[in-house]
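As structure tokens, the structure follows; a few thoughts come after it.
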Amino acid sequence: MKPVGKYIIIKTIEEEVKTSSGLLLSATDVDEFRYRKGSVVKPGTDVNVVKALDLIYYDKNSGFTMLIKDEPYTIIQERDVVIVL
């Protein structure tokens with residue numbers, strides 16, 4: 001699989017979120033956050049900012065999900081990446 005242009009294939013990472021006092025937030029509370037964490041599987045041919053295996057935060061309202069070889073992947077554009085870890 002080879003994304004073209006500014007598209008990036010990522011695997012979404014479901015993370016547990018704790019407050020500063022140690023409380024674990026529910027999945028519903030985490031869904032209310034605007035950004036999600038993901039791992040870059042393959043960057044597109046014109047992507048300069050991220051590379052494969054980078055951890056990123058991206059806007060959860062962007063992109064779409066595809067099944068590729070029976071695995072769900074999220075496809076976003078480079079402009080939707082907010083933070084590279």
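All residue names refer to the structure tokens as shown: chains lettered A, B, ... in order, residues numbered from 1 in each chain, ligands numbered from 1 in order.
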
Query raised in the report: Which neighbours of range 10-22 of chain A fall inside 10 Å, counting only C-alpha atoms, when residues of the same chain fewer than 4 positions from it are skipped, and could you give them as a ChimeraX atom specification?
Result: /A:26-27,29-30,36-43,52-58,60,65,71-76

Please produce a file of those selected residues containing N, CA and C atoms, as an mmCIF file, in the first residue's frame.
```cif
data_model
loop_
_atom_site.group_PDB
_atom_site.id
_atom_site.type_symbol
_atom_site.label_atom_id
_atom_site.label_comp_id
_atom_site.auth_asym_id
_atom_site.auth_seq_id
_atom_site.Cartn_x
_atom_site.Cartn_y
_atom_site.Cartn_z
ATOM 1 N N SER A 26 -13.617 7.681 31.394
ATOM 2 C CA SER A 26 -14.341 6.667 30.631
ATOM 3 C C SER A 26 -14.130 6.881 29.135
ATOM 4 N N ALA A 27 -14.460 5.869 28.332
ATOM 5 C CA ALA A 27 -14.332 5.962 26.874
ATOM 6 C C ALA A 27 -15.207 7.081 26.325
ATOM 7 N N ASP A 29 -15.954 9.914 27.879
ATOM 8 C CA ASP A 29 -15.271 11.176 28.167
ATOM 9 C C ASP A 29 -14.106 11.403 27.204
ATOM 10 N N VAL A 30 -13.369 10.347 26.908
ATOM 11 C CA VAL A 30 -12.228 10.460 26.000
ATOM 12 C C VAL A 30 -12.703 10.813 24.598
ATOM 13 N N ARG A 36 -7.077 12.810 18.596
ATOM 14 C CA ARG A 36 -6.811 11.394 18.847
ATOM 15 C C ARG A 36 -5.343 11.109 18.578
ATOM 16 N N LYS A 37 -4.879 10.020 19.173
ATOM 17 C CA LYS A 37 -3.492 9.602 18.995
ATOM 18 C C LYS A 37 -3.432 8.497 17.951
ATOM 19 N N GLY A 38 -2.386 8.504 17.143
ATOM 20 C CA GLY A 38 -2.230 7.476 16.131
ATOM 21 C C GLY A 38 -0.768 7.211 15.827
ATOM 22 N N SER A 39 -0.522 6.087 15.183
ATOM 23 C CA SER A 39 0.811 5.714 14.744
ATOM 24 C C SER A 39 0.839 5.735 13.222
ATOM 25 N N VAL A 40 1.814 6.402 12.648
ATOM 26 C CA VAL A 40 1.907 6.505 11.194
ATOM 27 C C VAL A 40 2.369 5.165 10.628
ATOM 28 N N VAL A 41 1.559 4.603 9.743
ATOM 29 C CA VAL A 41 1.906 3.359 9.067
ATOM 30 C C VAL A 41 2.714 3.677 7.815
ATOM 31 N N LYS A 42 2.208 4.622 7.013
ATOM 32 C CA LYS A 42 2.876 4.979 5.759
ATOM 33 C C LYS A 42 2.494 6.406 5.381
ATOM 34 N N PRO A 43 3.482 7.310 5.236
ATOM 35 C CA PRO A 43 3.173 8.658 4.768
ATOM 36 C C PRO A 43 3.085 8.685 3.242
ATOM 37 N N ALA A 52 7.184 7.081 8.808
ATOM 38 C CA ALA A 52 6.606 5.842 9.324
ATOM 39 C C ALA A 52 7.015 5.632 10.783
ATOM 40 N N LEU A 53 6.082 5.131 11.574
ATOM 41 C CA LEU A 53 6.235 4.814 13.000
ATOM 42 C C LEU A 53 6.200 6.029 13.919
ATOM 43 N N ASP A 54 6.065 7.242 13.390
ATOM 44 C CA ASP A 54 5.893 8.419 14.248
ATOM 45 C C ASP A 54 4.572 8.318 14.991
ATOM 46 N N LEU A 55 4.545 8.789 16.229
ATOM 47 C CA LEU A 55 3.297 8.921 16.973
ATOM 48 C C LEU A 55 2.807 10.349 16.766
ATOM 49 N N ILE A 56 1.518 10.484 16.469
ATOM 50 C CA ILE A 56 0.957 11.799 16.171
ATOM 51 C C ILE A 56 -0.361 11.983 16.902
ATOM 52 N N TYR A 57 -0.765 13.238 17.033
ATOM 53 C CA TYR A 57 -2.127 13.588 17.418
ATOM 54 C C TYR A 57 -2.740 14.273 16.211
ATOM 55 N N TYR A 58 -3.987 13.898 15.899
ATOM 56 C CA TYR A 58 -4.668 14.440 14.731
ATOM 57 C C TYR A 58 -6.109 14.765 15.080
ATOM 58 N N LYS A 60 -9.827 14.483 15.271
ATOM 59 C CA LYS A 60 -10.660 13.276 15.161
ATOM 60 C C LYS A 60 -11.761 13.417 14.111
ATOM 61 N N THR A 65 -12.007 6.037 7.469
ATOM 62 C CA THR A 65 -11.475 4.723 7.784
ATOM 63 C C THR A 65 -11.699 3.786 6.607
ATOM 64 N N GLU A 71 -7.874 -5.135 7.756
ATOM 65 C CA GLU A 71 -7.445 -4.332 8.898
ATOM 66 C C GLU A 71 -7.982 -2.913 8.727
ATOM 67 N N PRO A 72 -8.567 -2.316 9.782
ATOM 68 C CA PRO A 72 -9.034 -0.924 9.658
ATOM 69 C C PRO A 72 -7.874 0.067 9.807
ATOM 70 N N TYR A 73 -7.768 0.978 8.857
ATOM 71 C CA TYR A 73 -6.776 2.043 8.882
ATOM 72 C C TYR A 73 -7.499 3.368 8.709
ATOM 73 N N THR A 74 -6.949 4.414 9.302
ATOM 74 C CA THR A 74 -7.485 5.751 9.128
ATOM 75 C C THR A 74 -6.589 6.489 8.142
ATOM 76 N N ILE A 75 -7.224 7.175 7.194
ATOM 77 C CA ILE A 75 -6.510 7.947 6.192
ATOM 78 C C ILE A 75 -6.781 9.428 6.474
ATOM 79 N N ILE A 76 -5.718 10.189 6.719
ATOM 80 C CA ILE A 76 -5.855 11.618 6.978
ATOM 81 C C ILE A 76 -4.923 12.377 6.029
#
```

Requested in this report: Pick out each residue of range 24-81 of chain A that DSSP on the backbone tags as strand (DSSP E or B); I need them as a ChimeraX atom specification.
Outcome: /A:24,35-43,55-59,64-68,71-77,81

Suppose we keep C-alpha atoms; can you now write the selection as a PDB file, in the first residue's frame?
```
ATOM      1  CA  LEU A  24      -9.346   7.130  34.907  1.00  0.00           C
ATOM      2  CA  TYR A  35      -7.731  15.068  19.100  1.00  0.00           C
ATOM      3  CA  ARG A  36      -6.811  11.394  18.847  1.00  0.00           C
ATOM      4  CA  LYS A  37      -3.492   9.602  18.995  1.00  0.00           C
ATOM      5  CA  GLY A  38      -2.230   7.476  16.131  1.00  0.00           C
ATOM      6  CA  SER A  39       0.811   5.714  14.744  1.00  0.00           C
ATOM      7  CA  VAL A  40       1.907   6.505  11.194  1.00  0.00           C
ATOM      8  CA  VAL A  41       1.906   3.359   9.067  1.00  0.00           C
ATOM      9  CA  LYS A  42       2.876   4.979   5.759  1.00  0.00           C
ATOM     10  CA  PRO A  43       3.173   8.658   4.768  1.00  0.00           C
ATOM     11  CA  LEU A  55       3.297   8.921  16.973  1.00  0.00           C
ATOM     12  CA  ILE A  56       0.957  11.799  16.171  1.00  0.00           C
ATOM     13  CA  TYR A  57      -2.127  13.588  17.418  1.00  0.00           C
ATOM     14  CA  TYR A  58      -4.668  14.440  14.731  1.00  0.00           C
ATOM     15  CA  ASP A  59      -8.107  16.037  14.505  1.00  0.00           C
ATOM     16  CA  PHE A  64     -11.901   8.403   6.928  1.00  0.00           C
ATOM     17  CA  THR A  65     -11.475   4.723   7.784  1.00  0.00           C
ATOM     18  CA  MET A  66     -10.768   1.992   5.224  1.00  0.00           C
ATOM     19  CA  LEU A  67     -10.389  -1.758   5.451  1.00  0.00           C
ATOM     20  CA  ILE A  68      -7.103  -2.785   3.848  1.00  0.00           C
ATOM     21  CA  GLU A  71      -7.445  -4.332   8.898  1.00  0.00           C
ATOM     22  CA  PRO A  72      -9.034  -0.924   9.658  1.00  0.00           C
ATOM     23  CA  TYR A  73      -6.776   2.043   8.882  1.00  0.00           C
ATOM     24  CA  THR A  74      -7.485   5.751   9.128  1.00  0.00           C
ATOM     25  CA  ILE A  75      -6.510   7.947   6.192  1.00  0.00           C
ATOM     26  CA  ILE A  76      -5.855  11.618   6.978  1.00  0.00           C
ATOM     27  CA  GLN A  77      -4.143  14.523   5.250  1.00  0.00           C
ATOM     28  CA  VAL A  81      -1.647  16.428  12.036  1.00  0.00           C
TER      29      VAL A  81
END
```

Query raised in the report: CA of Phe33 in chain A and CA of Lys69 in chain A, how far apart in Å?
Result: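 Taking CA of Lys69 in chain A and CA of Phe33 in chain A, their separation equals 29.5 Å.
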